[in-house]
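Novice: My questions will all concern the structure given below.
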Amino acid sequence: MRYAIYFTPGEADPLTRAAERWIGRSAFSDAVPAPLDADLAFHTASARRYGFHATLKAPFYLAEDRSEAEVVDAFDRWTAIREPFIGPRLVIGQIDGFFALVPETRSADLDALARDLTVDFDIFRAPASEAEIARRNPERLTTRQVRHLHEWGYPYVMEDFRFHMTLTGRVAGEEAAQLRRRLEGHFGALLDAPVAFASLALFVEPEPGAPFTVRAFRPLGHELARKTA
């Protein structure tokens, strides 16, 4: 079983609903919102397993002396004191060949959120095994990314963090141009406004290769909101 901390809007958020229709699965309920045509089902297979999300604390196995209850409790306390914020508008972009929703501009708030989650929840992470490190193809990483991989269990953290909400697998050429047009038509005006980063989700992968699902979904700063209401 692995855990991860992701950003995703709420289950009823229009952006979530649109993304679930696109990838063909809800991480909140495991429901299939609508049947996919064969071409789209092929291109969204990897995104479908992980659900609509942006990685902030990458998937990790629990350390031997930690329990799920401890992770959930820490997640509850952490989100209760973290301030929500308005981030940049999301746009359709390509990273290493796959399509994703990415920030229109770099956000210091997003970078800080990912950095703090990476550090604060590392006490729950079991050290990466040699097999896990090998799966990341360290020979293709920069020296700094290899250092991150060994220190944090994931290469794309700190200076190498790039916020993205994956929508497809790798695609190129005319196929990529066709998919971009489909994405633009599918999301349309939903991408016109800046995004409120007001919640986080603790995801779980019950067993290797299983779909990731939402274990806990929490608003940011809800204790503060109750005290000031």
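Convention: chains lettered A, B, ... in structure tokens order; per-chain residue numbering from 1; ligands numbered from 1 as shown.
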For Arg48 in chain A, list every protein, DNA or RNA residue within 9 Å, evaluated using only C-alpha atoms, and leave out those in the same chain fewer than 2 positions away; present the list as a PyMOL selection string.

Specialist: chain A and resi 20+23-27+41+44-46+50-52+167-168+211-212

Novice: Taking 5 positions as the minimum chain separation for residues in the same chain, which residues sit within 7 Å of Thr166 in chain A when counting only C-alpha atoms? Answer as an NGL selection string.

Specialist: :A and (47 or 99-101)

Novice: Store the residues picked out above, limited to all heavy atoms, as an mmCIF file, in the first residue's frame.

Specialist:
```cif
data_model
loop_
_atom_site.group_PDB
_atom_site.id
_atom_site.type_symbol
_atom_site.label_atom_id
_atom_site.label_comp_id
_atom_site.auth_asym_id
_atom_site.auth_seq_id
_atom_site.Cartn_x
_atom_site.Cartn_y
_atom_site.Cartn_z
ATOM 1 N N ALA A 47 -3.254 8.161 -16.818
ATOM 2 C CA ALA A 47 -3.909 9.194 -16.017
ATOM 3 C C ALA A 47 -5.106 8.628 -15.262
ATOM 4 O O ALA A 47 -5.394 9.028 -14.136
ATOM 5 C CB ALA A 47 -4.350 10.350 -16.918
ATOM 6 N N PHE A 99 0.131 15.423 -22.091
ATOM 7 C CA PHE A 99 -0.666 16.630 -21.846
ATOM 8 C C PHE A 99 -1.065 16.715 -20.387
ATOM 9 O O PHE A 99 -1.357 15.708 -19.728
ATOM 10 C CB PHE A 99 -1.917 16.639 -22.725
ATOM 11 C CG PHE A 99 -1.671 17.070 -24.139
ATOM 12 C CD1 PHE A 99 -1.623 16.137 -25.162
ATOM 13 C CD2 PHE A 99 -1.471 18.414 -24.446
ATOM 14 C CE1 PHE A 99 -1.386 16.525 -26.469
ATOM 15 C CE2 PHE A 99 -1.231 18.812 -25.758
ATOM 16 C CZ PHE A 99 -1.191 17.865 -26.774
ATOM 17 N N ALA A 100 -1.099 17.954 -19.891
ATOM 18 C CA ALA A 100 -1.480 18.204 -18.503
ATOM 19 C C ALA A 100 -2.001 19.627 -18.378
ATOM 20 O O ALA A 100 -1.753 20.475 -19.247
ATOM 21 C CB ALA A 100 -0.273 18.007 -17.580
ATOM 22 N N LEU A 101 -2.725 19.869 -17.301
ATOM 23 C CA LEU A 101 -3.063 21.234 -16.932
ATOM 24 C C LEU A 101 -1.906 21.777 -16.117
ATOM 25 O O LEU A 101 -1.498 21.178 -15.109
ATOM 26 C CB LEU A 101 -4.353 21.280 -16.115
ATOM 27 C CG LEU A 101 -5.622 20.788 -16.820
ATOM 28 C CD1 LEU A 101 -6.836 20.941 -15.905
ATOM 29 C CD2 LEU A 101 -5.851 21.546 -18.126
#
```

Novice: Need the shell around range 157-163 of chain A: protein/DNA/RNA residues with any atom at most 10 Å away, counting only C-alpha atoms. Skip same-chain ones fewer than 2 positions apart. Format as a PyMOL selection string?

Specialist: chain A and resi 7+53-58+95+100-103+106-107+110-112+114-116+118-119+142+144-145+148-149+152-155+165-166

Novice: So that I can see what lies close to Glu175 in chain A, please list as a compact mmCIF listing (two decimals) with C-alpha atoms, in the first residue's frame the residues with an atom at most 12 Å from it, counting only C-alpha atoms and leaving out residues fewer than 5 positions away in the same chain.

Specialist:
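The file below, selection.txt, is the result:
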```
# COMPACT_ATOMS: atom_id res chain seq x y z
CA ASP A 39 -8.65 6.25 -28.92
CA LEU A 40 -9.19 8.38 -25.83
CA HIS A 43 -4.29 7.85 -24.37
CA GLY A 97 5.27 14.45 -24.29
CA PHE A 98 2.15 14.10 -22.14
CA PHE A 99 -0.67 16.63 -21.85
CA THR A 168 -2.78 11.82 -21.19
CA GLY A 169 0.20 9.59 -21.77
CA ARG A 170 3.00 10.57 -24.12
CA ARG A 180 -4.84 19.30 -28.00
CA ARG A 181 -7.86 20.39 -30.02
CA ARG A 182 -10.02 17.86 -28.19
```

Novice: Would you mind telling me which residue in A:Glu83, A:Ala63, A:Arg21, A:Phe75 lies nearest to Leu202 in chain A when using only C-alpha atoms?

Specialist: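 Comparing A:Glu83, A:Ala63, A:Arg21, A:Phe75 against Leu202 in chain A, the winner is A:Phe75.
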
Novice: Using only C-alpha atoms, which residues sit within 12 Å of Asp76 in chain A once same-chain residues fewer than 2 positions away are excluded, as a list in words?

Specialist: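 The contact residues come out as Ile5, Ala69, Glu70, Val71, Val72, Asp73, Ala74, Trp78, Thr79, Ala80, Ile81, Arg82, Ser199, Leu200, Ala201, Leu202, Arg215, Ala216, Phe217, Arg218, Pro219, Leu220, Gly221, His222 and Glu223 of chain A.
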
Novice: Which distance in Å separates CA of Arg135 in chain A and CA of Gly173 in chain A, to one decimal?

Specialist: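 A separation of 27.1 Å between them.
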
Novice: Need to verify the contact set: Ile86 in chain A, 6 Å, only C-alpha atoms, exclusion of same-chain residues closer than 5 positions in sequence. Can you return it as a PDB file with all heavy atoms, in the first residue's frame?

Specialist:
```pdb
ATOM      1  N   VAL A 195      -7.262  29.418 -10.225  1.00  0.00           N
ATOM      2  CA  VAL A 195      -7.694  28.265  -9.437  1.00  0.00           C
ATOM      3  C   VAL A 195      -7.543  28.552  -7.953  1.00  0.00           C
ATOM      4  O   VAL A 195      -6.516  29.076  -7.505  1.00  0.00           O
ATOM      5  CB  VAL A 195      -6.879  27.015  -9.819  1.00  0.00           C
ATOM      6  CG1 VAL A 195      -7.215  25.839  -8.907  1.00  0.00           C
ATOM      7  CG2 VAL A 195      -7.137  26.650 -11.270  1.00  0.00           C
ATOM      8  N   ALA A 196      -8.566  28.205  -7.184  1.00  0.00           N
ATOM      9  CA  ALA A 196      -8.486  28.305  -5.729  1.00  0.00           C
ATOM     10  C   ALA A 196      -7.839  27.036  -5.183  1.00  0.00           C
ATOM     11  O   ALA A 196      -8.355  25.929  -5.394  1.00  0.00           O
ATOM     12  CB  ALA A 196      -9.878  28.486  -5.135  1.00  0.00           C
ATOM     13  N   PHE A 197      -6.720  27.177  -4.514  1.00  0.00           N
ATOM     14  CA  PHE A 197      -6.058  26.046  -3.867  1.00  0.00           C
ATOM     15  C   PHE A 197      -6.516  26.038  -2.416  1.00  0.00           C
ATOM     16  O   PHE A 197      -5.890  26.627  -1.536  1.00  0.00           O
ATOM     17  CB  PHE A 197      -4.543  26.162  -4.015  1.00  0.00           C
ATOM     18  CG  PHE A 197      -4.097  25.913  -5.436  1.00  0.00           C
ATOM     19  CD1 PHE A 197      -4.058  26.951  -6.354  1.00  0.00           C
ATOM     20  CD2 PHE A 197      -3.772  24.635  -5.852  1.00  0.00           C
ATOM     21  CE1 PHE A 197      -3.678  26.711  -7.669  1.00  0.00           C
ATOM     22  CE2 PHE A 197      -3.392  24.385  -7.162  1.00  0.00           C
ATOM     23  CZ  PHE A 197      -3.354  25.432  -8.074  1.00  0.00           C
TER      24      PHE A 197
END
```

Novice: Hey, can you check how far CA of Phe28 in chain A sits from CA of Arg2 in chain A?

Specialist: 16.6 Å

Novice: Just list the residues in range 16-195 of chain A DSSP gives strand (DSSP E) on the backbone, as a PyMOL selection string.

Specialist: chain A and resi 54-61+85-95+98-103+165-170+194-195

Novice: Which residue is closest to Ala4 in chain A? Choose from A:Arg66, A:Arg140, A:Arg125, A:Arg17 and count only C-alpha atoms.

Specialist: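 With only C-alpha atoms as the atom set, the closest residue is A:Arg125.
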
Novice: Restricting the calculation to only C-alpha atoms: of A:Ala34, A:Asp96, A:Leu190, A:Ser67, which residue gets closest to Asp13 in chain A?

Specialist: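 Closest candidate: A:Leu190.
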
Novice: In terms of the shortest atom-to-atom distance over only C-alpha atoms, which of A:Glu174, A:Glu207, A:Glu132, A:Asp192 is closest to Pro88 in chain A?

Specialist: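 Looking at the shortest contact to Pro88 in chain A, the residue is A:Asp192.
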
Novice: Using only C-alpha atoms, which residue out of A:Asp120, A:Tyr3, A:Thr105, A:Glu130 lies closest to Leu90 in chain A?

Specialist: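 Under the stated criterion, the closest residue is A:Thr105.
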
Novice: From the set A:Tyr61, A:Phe85, A:Phe121, A:Phe187, which residue has the shortest atom-to-atom contact distance to Glu205 in chain A, counting only C-alpha atoms?

Specialist: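 Smallest separation from Glu205 in chain A among the options: A:Tyr61.
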